[in-house]
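Data block below; observations after.
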Amino acid sequence: MSRSAHPAGPRHADVLPEGHYSAPPADLNVLDPKVWAETVRRGEEGVLSVGGVDVTALAEEFGTPAYILDEADFRARARAWRAAFGADADVFYAGKAFLSRAVVRWLHEEGLNLDVCSGGELATALSAGMPAERIAFHGNNKSVDEIERAVRAGVGRIVLDSFQEIVRVAHIAQSLGKRQRVQIRITVGVEAHTHEFIATAHEDQKFGIPLAGGQAAEAVRRALRLDGLELIGIHSHIGSQIFDMSGFEVAAHRVVGLLKEIRDEHGVELPEIDLGGGLGIAYTSDDDPREPHEIAKALSEIVTRECESAKLRTPRISVEPGRAIVGPTAFTLYEVGTVKPLDGLRTYVSVDGGMSDNIRTALYDAEYSVALVSRSSDAPPMLSRVVGKHCESGDIVVKDAFLPADVAPGDLIAVPATGAYCRSMASNYNHVLRPPVVAVRDGEARVIVRRETEDDLLRLDVG
């Protein structure tokens with residue numbers, strides 16, 4: 001079918017149905033730098049390039065869908081976070097956002113630490129050469145095997161998440177003749193302004209030990225009594241994709257209040273606090289994220305002020321950016337398969353991936369941007385819903401966005417800001433193969449996580 005042959009559907013801004021979307025941009029060929037990686041450019045014919053390599057060449061060599069990661073942008077963001085917090089603080093990259101051995105090596109080279117939350121993430125970190133003392137181990141239900149592996153490896157800290165885990169880690173460390181450095185994760189009762197499923201500091205959820213009712217204080221008492229543990233600090237994490245710093249201010253106030261209680265009861269001033277991560281990125285032009293130096297300045301001032309008020313020495317601060325580093329560095333490249341206009345509604349643009357490579361829209365009602373990237377177009381904007389190939393009506397990649405009205409099968413489109421949680425949460429639903437991760441830098445592209453094959457799927461099926 002030719003690019004103008006599909007039936008007419010809703011195309012122009014003056015015939016749009018009601019919905020939750022911004023007005024179409026004046027020029028669909030113009031890219032908003034907030035949502036794209038640093039080296040992304042449009043060429044003369046409208047073809048997108050990243051790291052000096054155009055997307056048509058990437059699609060031809062590596063196929064679609066594919067996650068395309070700007071290595072230079074990743075490294076620059078890692079350096080910016082390291083520089084913003086300086087030598088008196090620690091930056092732990094949250095591996096859950098996206099982890100591979102190449103990423104671990106980049107983090108090591110750029111001077112960041114690493115936060116892992118499973119045995120698999122720990123194995124990846126160690127296999128790629130991250131020094132164990134620069135690894136923090138999280139998780140609300142660490143297995144005995146995982147804890148033993150972490151203690152044997154000598155990880156720099158284990159974040160204790162329950163009363164049972166306090167005893168479990170202490171017993172394992174003592175049996176191995178070690179004294180394990182630990183932090184206690186507390187929930188401070190802060191309602192972060194984010195989606196319910198990624199808010200993590202209110203009491204009614206699975207993470208941490210509540211500050212309310214004296215439970216956190218009791219956890220500290222137990223940890224201080226156990227020979228296998230060296231309690232170095234308190235950990236707090238209030239949620240994800242947060243733009244408003246007021247939640248961190250309340251959290252810091254309550255964490256410092258606990259530090260004061262610990263000092264008064266035990267005569268101990270814990271040397272560290274970890275305020276977690278969760279700072280938001282720009283998925284659409286409406287998002288307005290803060291720069292690392294702004295975040296560092298705000299958090300430092302908050303903690304210093306609270307400690308001065310409590311007459312405490314200011315502890316060493318740790319933060320855990322994951323999404324804020326890797327999220328903006330990648331986009332997902334798709335090929336359009338079908339275009340289906342629905343009169344008076346919108347046009348459904350189906351791509352060769354979907355919820356198996358990006359579950360966030362279905363899971364969190366997440367919003368994304370999208371662009372035609374294999375050519376330029378002067379066609380008017382068309383309200384579109386980018387959907388996948390899976391057998392679910394909720395298989396939506398971009399709920400409402402504008403694409404040129406002449407978008408057609410065979411076109412390449414790209415969804416930016418997919419570096420975080422897309423490959424990490426990818427699945428084989430409908431036995432669809434997970435896409436590769438392709439790193440691009442200085443005119444060269446290389447696979448850092450290969451595309452799955454049918455042989456990979458069948459190898460696990462031993463029936």
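Quick note on naming: the chains in the structure tokens go A, B, ... in the order shown, residues restart at 1 in each chain, and ligands are numbered from 1 in order of appearance.
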
Just the strand (DSSP E) stuff from stretch 31-257 of chain A, please, per backbone DSSP, written as a PyMOL selection string.
chain A and resi 41-42+48-50+53-54+66-70+89-94+113-116+135-137+157-160+180-187+209-210+229-236

Closest-contact table, stretch 28-112 of chain A side, partner stretch 438-452 of chain A, 6 Å, counting only C-alpha atoms, as a tab-separated table:
```
residue	atom	partner	partner_atom	distance
A:Gly51	CA	A:Arg441	CA	4.8
A:Gly52	CA	A:Gly443	CA	4.5
A:Val53	CA	A:Gly443	CA	5.4
A:Ile68	CA	A:Val438	CA	4.9
A:Leu69	CA	A:Ala439	CA	4.7
A:Asp70	CA	A:Val440	CA	5.3
A:Glu71	CA	A:Arg441	CA	5.7
```

Output N, CA, C and O atoms of each residue in that selection to a file, as a compact mmCIF listing (two decimals), in the first residue's frame.
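The result, written out as out.txt:
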```txt
# COMPACT_ATOMS: atom_id res chain seq x y z
N GLY A 51 25.13 9.14 17.71
CA GLY A 51 26.55 8.81 17.73
C GLY A 51 27.16 8.77 16.36
O GLY A 51 28.16 8.07 16.14
N GLY A 52 26.59 9.50 15.41
CA GLY A 52 27.11 9.53 14.05
C GLY A 52 26.66 8.40 13.16
O GLY A 52 27.12 8.27 12.02
N VAL A 53 25.72 7.56 13.62
CA VAL A 53 25.22 6.44 12.82
C VAL A 53 23.73 6.63 12.61
O VAL A 53 22.99 6.86 13.58
N ILE A 68 18.46 1.37 21.24
CA ILE A 68 19.67 2.04 20.76
C ILE A 68 20.16 2.97 21.86
O ILE A 68 19.47 3.92 22.24
N LEU A 69 21.35 2.71 22.37
CA LEU A 69 21.88 3.41 23.54
C LEU A 69 23.07 4.28 23.15
O LEU A 69 24.03 3.80 22.54
N ASP A 70 23.00 5.54 23.52
CA ASP A 70 24.06 6.51 23.25
C ASP A 70 25.10 6.41 24.36
O ASP A 70 24.91 6.95 25.45
N GLU A 71 26.20 5.71 24.09
CA GLU A 71 27.20 5.48 25.13
C GLU A 71 27.82 6.78 25.64
O GLU A 71 28.05 6.94 26.85
```

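The smallest atom-to-atom distance between A:Ser376 and any of A:Val35, A:Val169, A:Asn430, A:Leu403, using only C-alpha atoms, is found for A:Leu403.
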
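Closest approach to A:Gly120 from the set A:Ala136, A:Leu99, A:Val50, A:Ala23 is made by A:Leu99, with distances taken over only C-alpha atoms.
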
Within 12 Å of A:Ala59 using only C-alpha atoms, minus same-chain residues under 3 positions, as an mmCIF file with all heavy atoms, in the first residue's frame:
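See out.cif below for the written result:
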```
data_model
loop_
_atom_site.group_PDB
_atom_site.id
_atom_site.type_symbol
_atom_site.label_atom_id
_atom_site.label_comp_id
_atom_site.auth_asym_id
_atom_site.auth_seq_id
_atom_site.Cartn_x
_atom_site.Cartn_y
_atom_site.Cartn_z
ATOM 1 N N VAL A 47 16.457 11.735 8.285
ATOM 2 C CA VAL A 47 16.832 10.474 8.927
ATOM 3 C C VAL A 47 17.566 10.781 10.236
ATOM 4 O O VAL A 47 18.514 11.560 10.267
ATOM 5 C CB VAL A 47 17.721 9.615 8.012
ATOM 6 C CG1 VAL A 47 18.146 8.336 8.719
ATOM 7 C CG2 VAL A 47 16.988 9.295 6.715
ATOM 8 N N LEU A 48 17.116 10.141 11.300
ATOM 9 C CA LEU A 48 17.728 10.338 12.603
ATOM 10 C C LEU A 48 19.068 9.617 12.664
ATOM 11 O O LEU A 48 19.233 8.542 12.101
ATOM 12 C CB LEU A 48 16.800 9.764 13.687
ATOM 13 C CG LEU A 48 16.808 10.446 15.041
ATOM 14 C CD1 LEU A 48 16.182 11.824 14.933
ATOM 15 C CD2 LEU A 48 16.025 9.603 16.051
ATOM 16 N N SER A 49 20.017 10.231 13.367
ATOM 17 C CA SER A 49 21.274 9.553 13.654
ATOM 18 C C SER A 49 21.581 9.690 15.132
ATOM 19 O O SER A 49 21.100 10.605 15.806
ATOM 20 C CB SER A 49 22.426 10.144 12.827
ATOM 21 O OG SER A 49 22.718 11.467 13.249
ATOM 22 N N VAL A 53 25.724 7.555 13.623
ATOM 23 C CA VAL A 53 25.218 6.439 12.820
ATOM 24 C C VAL A 53 23.727 6.628 12.611
ATOM 25 O O VAL A 53 22.990 6.857 13.578
ATOM 26 C CB VAL A 53 25.471 5.088 13.518
ATOM 27 C CG1 VAL A 53 24.991 3.926 12.642
ATOM 28 C CG2 VAL A 53 26.943 4.922 13.877
ATOM 29 N N ASP A 54 23.257 6.548 11.347
ATOM 30 C CA ASP A 54 21.829 6.798 11.129
ATOM 31 C C ASP A 54 20.997 5.547 11.389
ATOM 32 O O ASP A 54 21.494 4.418 11.323
ATOM 33 C CB ASP A 54 21.555 7.404 9.749
ATOM 34 C CG ASP A 54 21.703 6.443 8.594
ATOM 35 O OD1 ASP A 54 21.043 5.392 8.610
ATOM 36 O OD2 ASP A 54 22.459 6.754 7.656
ATOM 37 N N VAL A 55 19.733 5.779 11.695
ATOM 38 C CA VAL A 55 18.881 4.685 12.157
ATOM 39 C C VAL A 55 18.549 3.691 11.054
ATOM 40 O O VAL A 55 18.269 2.518 11.349
ATOM 41 C CB VAL A 55 17.577 5.217 12.795
ATOM 42 C CG1 VAL A 55 17.877 5.987 14.076
ATOM 43 C CG2 VAL A 55 16.774 6.068 11.822
ATOM 44 N N THR A 56 18.572 4.129 9.816
ATOM 45 C CA THR A 56 18.310 3.169 8.738
ATOM 46 C C THR A 56 19.436 2.132 8.674
ATOM 47 O O THR A 56 19.185 0.941 8.445
ATOM 48 C CB THR A 56 18.150 3.876 7.390
ATOM 49 O OG1 THR A 56 19.309 4.689 7.134
ATOM 50 C CG2 THR A 56 16.919 4.775 7.396
ATOM 51 N N PHE A 62 21.024 -4.441 12.579
ATOM 52 C CA PHE A 62 20.652 -5.091 13.830
ATOM 53 C C PHE A 62 19.181 -5.483 13.902
ATOM 54 O O PHE A 62 18.777 -6.176 14.829
ATOM 55 C CB PHE A 62 20.983 -4.177 15.014
ATOM 56 C CG PHE A 62 22.430 -3.790 15.070
ATOM 57 C CD1 PHE A 62 22.823 -2.501 14.743
ATOM 58 C CD2 PHE A 62 23.402 -4.719 15.417
ATOM 59 C CE1 PHE A 62 24.161 -2.137 14.786
ATOM 60 C CE2 PHE A 62 24.739 -4.357 15.466
ATOM 61 C CZ PHE A 62 25.121 -3.065 15.141
ATOM 62 N N GLY A 63 18.374 -5.055 12.924
ATOM 63 C CA GLY A 63 16.957 -5.378 12.929
ATOM 64 C C GLY A 63 16.170 -4.498 13.881
ATOM 65 O O GLY A 63 16.718 -3.673 14.622
ATOM 66 N N THR A 64 14.853 -4.666 13.834
ATOM 67 C CA THR A 64 13.957 -3.959 14.749
ATOM 68 C C THR A 64 13.001 -4.985 15.356
ATOM 69 O O THR A 64 12.765 -6.040 14.767
ATOM 70 C CB THR A 64 13.145 -2.871 14.014
ATOM 71 O OG1 THR A 64 12.388 -3.481 12.956
ATOM 72 C CG2 THR A 64 14.043 -1.788 13.465
ATOM 73 N N PRO A 65 12.462 -4.699 16.547
ATOM 74 C CA PRO A 65 12.799 -3.561 17.392
ATOM 75 C C PRO A 65 14.193 -3.716 17.980
ATOM 76 O O PRO A 65 14.736 -4.828 18.050
ATOM 77 C CB PRO A 65 11.722 -3.600 18.471
ATOM 78 C CG PRO A 65 11.302 -5.020 18.542
ATOM 79 C CD PRO A 65 11.426 -5.563 17.153
ATOM 80 N N ALA A 66 14.753 -2.593 18.404
ATOM 81 C CA ALA A 66 16.067 -2.596 19.038
ATOM 82 C C ALA A 66 16.153 -1.398 19.973
ATOM 83 O O ALA A 66 15.627 -0.324 19.672
ATOM 84 C CB ALA A 66 17.180 -2.542 17.994
ATOM 85 N N TYR A 67 16.811 -1.619 21.106
ATOM 86 C CA TYR A 67 17.122 -0.501 22.005
ATOM 87 C C TYR A 67 18.460 0.086 21.546
ATOM 88 O O TYR A 67 19.466 -0.625 21.489
ATOM 89 C CB TYR A 67 17.264 -0.973 23.449
ATOM 90 C CG TYR A 67 16.091 -1.725 24.019
ATOM 91 C CD1 TYR A 67 16.159 -3.101 24.229
ATOM 92 C CD2 TYR A 67 14.924 -1.066 24.396
ATOM 93 C CE1 TYR A 67 15.094 -3.801 24.785
ATOM 94 C CE2 TYR A 67 13.853 -1.764 24.954
ATOM 95 C CZ TYR A 67 13.949 -3.130 25.145
ATOM 96 O OH TYR A 67 12.901 -3.824 25.701
ATOM 97 N N ILE A 68 18.464 1.370 21.239
ATOM 98 C CA ILE A 68 19.668 2.039 20.763
ATOM 99 C C ILE A 68 20.163 2.972 21.863
ATOM 100 O O ILE A 68 19.473 3.917 22.241
ATOM 101 C CB ILE A 68 19.398 2.837 19.472
ATOM 102 C CG1 ILE A 68 18.662 1.958 18.437
ATOM 103 C CG2 ILE A 68 20.687 3.402 18.926
ATOM 104 C CD1 ILE A 68 19.428 0.748 17.972
ATOM 105 N N THR A 332 13.930 3.326 21.605
ATOM 106 C CA THR A 332 13.580 2.053 20.981
ATOM 107 C C THR A 332 13.194 2.315 19.536
ATOM 108 O O THR A 332 12.352 3.168 19.251
ATOM 109 C CB THR A 332 12.425 1.363 21.718
ATOM 110 O OG1 THR A 332 12.739 1.294 23.109
ATOM 111 C CG2 THR A 332 12.225 -0.045 21.187
ATOM 112 N N LEU A 333 13.834 1.599 18.643
ATOM 113 C CA LEU A 333 13.613 1.742 17.212
ATOM 114 C C LEU A 333 12.673 0.645 16.735
ATOM 115 O O LEU A 333 12.926 -0.546 16.944
ATOM 116 C CB LEU A 333 14.952 1.652 16.475
ATOM 117 C CG LEU A 333 14.949 1.890 14.975
ATOM 118 C CD1 LEU A 333 14.511 3.316 14.647
ATOM 119 C CD2 LEU A 333 16.346 1.614 14.395
ATOM 120 N N TYR A 334 11.572 1.043 16.107
ATOM 121 C CA TYR A 334 10.559 0.106 15.614
ATOM 122 C C TYR A 334 10.338 0.301 14.121
ATOM 123 O O TYR A 334 10.573 1.394 13.575
ATOM 124 C CB TYR A 334 9.209 0.353 16.288
ATOM 125 C CG TYR A 334 9.136 0.184 17.775
ATOM 126 C CD1 TYR A 334 9.106 1.297 18.620
ATOM 127 C CD2 TYR A 334 9.037 -1.084 18.361
ATOM 128 C CE1 TYR A 334 8.987 1.156 19.996
ATOM 129 C CE2 TYR A 334 8.917 -1.231 19.737
ATOM 130 C CZ TYR A 334 8.901 -0.107 20.556
ATOM 131 O OH TYR A 334 8.776 -0.247 21.910
ATOM 132 N N GLU A 335 9.798 -0.736 13.487
ATOM 133 C CA GLU A 335 9.281 -0.596 12.121
ATOM 134 C C GLU A 335 7.759 -0.661 12.165
ATOM 135 O O GLU A 335 7.180 -1.496 12.857
ATOM 136 C CB GLU A 335 9.806 -1.708 11.217
ATOM 137 C CG GLU A 335 9.312 -1.570 9.773
ATOM 138 C CD GLU A 335 9.895 -2.613 8.841
ATOM 139 O OE1 GLU A 335 11.116 -2.853 8.915
ATOM 140 O OE2 GLU A 335 9.117 -3.193 8.044
ATOM 141 N N VAL A 373 11.373 8.595 12.116
ATOM 142 C CA VAL A 373 12.818 8.840 12.121
ATOM 143 C C VAL A 373 13.546 8.381 10.860
ATOM 144 O O VAL A 373 14.747 8.603 10.726
ATOM 145 C CB VAL A 373 13.473 8.174 13.353
ATOM 146 C CG1 VAL A 373 12.953 8.798 14.632
ATOM 147 C CG2 VAL A 373 13.271 6.653 13.352
ATOM 148 N N SER A 374 12.827 7.760 9.899
ATOM 149 C CA SER A 374 13.498 7.281 8.691
ATOM 150 C C SER A 374 13.385 8.259 7.528
ATOM 151 O O SER A 374 13.954 8.023 6.462
ATOM 152 C CB SER A 374 12.933 5.916 8.280
ATOM 153 O OG SER A 374 11.522 5.959 8.169
ATOM 154 N N GLY A 410 6.501 0.084 6.900
ATOM 155 C CA GLY A 410 7.890 0.168 6.460
ATOM 156 C C GLY A 410 8.635 1.360 7.022
ATOM 157 O O GLY A 410 9.870 1.365 7.028
ATOM 158 N N ASP A 411 7.910 2.384 7.487
ATOM 159 C CA ASP A 411 8.575 3.514 8.132
ATOM 160 C C ASP A 411 9.214 3.074 9.439
ATOM 161 O O ASP A 411 8.730 2.156 10.108
ATOM 162 C CB ASP A 411 7.571 4.638 8.432
ATOM 163 C CG ASP A 411 7.235 5.477 7.209
ATOM 164 O OD1 ASP A 411 8.092 5.583 6.308
ATOM 165 O OD2 ASP A 411 6.114 6.034 7.168
ATOM 166 N N LEU A 412 10.276 3.759 9.831
ATOM 167 C CA LEU A 412 10.868 3.568 11.151
ATOM 168 C C LEU A 412 10.397 4.679 12.065
ATOM 169 O O LEU A 412 10.412 5.858 11.693
ATOM 170 C CB LEU A 412 12.401 3.600 11.071
ATOM 171 C CG LEU A 412 13.076 2.520 10.228
ATOM 172 C CD1 LEU A 412 14.588 2.743 10.211
ATOM 173 C CD2 LEU A 412 12.747 1.128 10.756
ATOM 174 N N ILE A 413 9.938 4.302 13.250
ATOM 175 C CA ILE A 413 9.605 5.291 14.253
ATOM 176 C C ILE A 413 10.411 4.955 15.512
ATOM 177 O O ILE A 413 10.864 3.821 15.684
ATOM 178 C CB ILE A 413 8.102 5.360 14.572
ATOM 179 C CG1 ILE A 413 7.601 4.062 15.188
ATOM 180 C CG2 ILE A 413 7.309 5.715 13.327
ATOM 181 C CD1 ILE A 413 6.146 4.142 15.661
ATOM 182 N N ALA A 414 10.612 5.949 16.367
ATOM 183 C CA ALA A 414 11.415 5.749 17.567
ATOM 184 C C ALA A 414 10.721 6.358 18.769
ATOM 185 O O ALA A 414 10.106 7.422 18.670
ATOM 186 C CB ALA A 414 12.806 6.353 17.392
ATOM 187 N N PRO A 435 14.455 -7.767 22.286
ATOM 188 C CA PRO A 435 15.334 -7.042 21.357
ATOM 189 C C PRO A 435 16.763 -6.926 21.890
ATOM 190 O O PRO A 435 17.006 -7.076 23.092
ATOM 191 C CB PRO A 435 14.688 -5.655 21.258
ATOM 192 C CG PRO A 435 13.316 -5.791 21.828
ATOM 193 C CD PRO A 435 13.408 -6.892 22.838
ATOM 194 N N PRO A 436 17.686 -6.600 21.002
ATOM 195 C CA PRO A 436 19.054 -6.347 21.429
ATOM 196 C C PRO A 436 19.202 -4.946 21.992
ATOM 197 O O PRO A 436 18.357 -4.070 21.769
ATOM 198 C CB PRO A 436 19.842 -6.484 20.127
ATOM 199 C CG PRO A 436 18.887 -5.975 19.085
ATOM 200 C CD PRO A 436 17.522 -6.442 19.541
ATOM 201 N N VAL A 438 21.905 -2.012 21.545
ATOM 202 C CA VAL A 438 23.001 -1.618 20.665
ATOM 203 C C VAL A 438 23.580 -0.312 21.169
ATOM 204 O O VAL A 438 22.869 0.693 21.265
ATOM 205 C CB VAL A 438 22.504 -1.460 19.205
ATOM 206 C CG1 VAL A 438 23.659 -1.040 18.296
ATOM 207 C CG2 VAL A 438 21.856 -2.749 18.714
ATOM 208 N N ALA A 445 28.791 1.222 16.052
ATOM 209 C CA ALA A 445 27.710 0.586 16.805
ATOM 210 C C ALA A 445 28.099 -0.848 17.116
ATOM 211 O O ALA A 445 28.686 -1.537 16.280
ATOM 212 C CB ALA A 445 26.415 0.606 15.999
#
```

As a ChimeraX atom specification, please: every residue in stretch 70-257 of chain A that DSSP puts in helix (DSSP H, G or I).
/A:71-85,101-110,119-127,132-134,144-153,163-175,196-198,212-225,246-257

Who sits within 12 Å of stretch 347-350 of chain A, only C-alpha atoms, same chain under 6 positions skipped, as a PyMOL selection string
chain A and resi 6-12+16-17+334-341+370-372+381-390+393+395-413

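Rounded to one decimal, atom CA of A:Asn358 and atom CA of A:Val437 lie 13.3 Å from each other.
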
Would you mind listing what lies within 9 Å of A:Asp288 as a PyMOL selection string, with only C-alpha atoms counted and same-chain residues fewer than 6 positions away left out?
chain A and resi 34+243+280-282

Write the residues of the preceding selection, restricted to C-alpha atoms, as a PDB file, in the first residue's frame.
```pdb
ATOM      1  CA  LYS A  34      14.832  17.178  26.565  1.00  0.00           C
ATOM      2  CA  PHE A 243      10.169  16.090  40.229  1.00  0.00           C
ATOM      3  CA  GLY A 280      12.377  12.034  37.249  1.00  0.00           C
ATOM      4  CA  ILE A 281      13.386  12.373  33.603  1.00  0.00           C
ATOM      5  CA  ALA A 282      11.679  13.891  30.587  1.00  0.00           C
TER       6      ALA A 282
END
```

Neighbour list for A:Trp36 as an mmCIF file with N, CA and C atoms, in the first residue's frame, cut-off 8 Å, only C-alpha atoms, skip fewer than 3 positions in-chain:
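result-v3.cif, freshly written:
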```cif
data_model
loop_
_atom_site.group_PDB
_atom_site.id
_atom_site.type_symbol
_atom_site.label_atom_id
_atom_site.label_comp_id
_atom_site.auth_asym_id
_atom_site.auth_seq_id
_atom_site.Cartn_x
_atom_site.Cartn_y
_atom_site.Cartn_z
ATOM 1 N N LEU A 31 13.022 17.907 16.871
ATOM 2 C CA LEU A 31 13.152 17.063 18.050
ATOM 3 C C LEU A 31 13.331 17.917 19.300
ATOM 4 N N ASP A 32 12.651 17.557 20.360
ATOM 5 C CA ASP A 32 12.826 18.230 21.641
ATOM 6 C C ASP A 32 14.045 17.623 22.325
ATOM 7 N N PRO A 33 15.113 18.387 22.541
ATOM 8 C CA PRO A 33 16.334 17.809 23.124
ATOM 9 C C PRO A 33 16.137 17.271 24.528
ATOM 10 N N VAL A 40 21.800 12.627 19.376
ATOM 11 C CA VAL A 40 20.750 12.405 18.371
ATOM 12 C C VAL A 40 20.606 13.646 17.492
ATOM 13 N N PRO A 328 17.371 8.606 29.712
ATOM 14 C CA PRO A 328 17.383 9.470 28.522
ATOM 15 C C PRO A 328 18.383 9.039 27.457
ATOM 16 N N THR A 329 19.256 8.074 27.753
ATOM 17 C CA THR A 329 20.349 7.757 26.828
ATOM 18 C C THR A 329 19.929 6.824 25.701
ATOM 19 N N ALA A 330 18.738 6.263 25.773
ATOM 20 C CA ALA A 330 18.352 5.258 24.789
ATOM 21 C C ALA A 330 16.984 5.549 24.193
ATOM 22 N N PHE A 331 16.778 5.055 22.985
ATOM 23 C CA PHE A 331 15.445 5.041 22.384
ATOM 24 C C PHE A 331 15.211 3.664 21.786
ATOM 25 N N PRO A 416 11.679 7.736 22.425
ATOM 26 C CA PRO A 416 12.842 8.096 23.236
ATOM 27 C C PRO A 416 12.632 7.806 24.713
ATOM 28 N N ALA A 417 13.734 7.955 25.466
ATOM 29 C CA ALA A 417 13.744 7.811 26.931
ATOM 30 C C ALA A 417 13.321 6.416 27.371
#
```

re atom CA of A:Glu218 and atom CA of A:Ala251: distance 18.9 Å
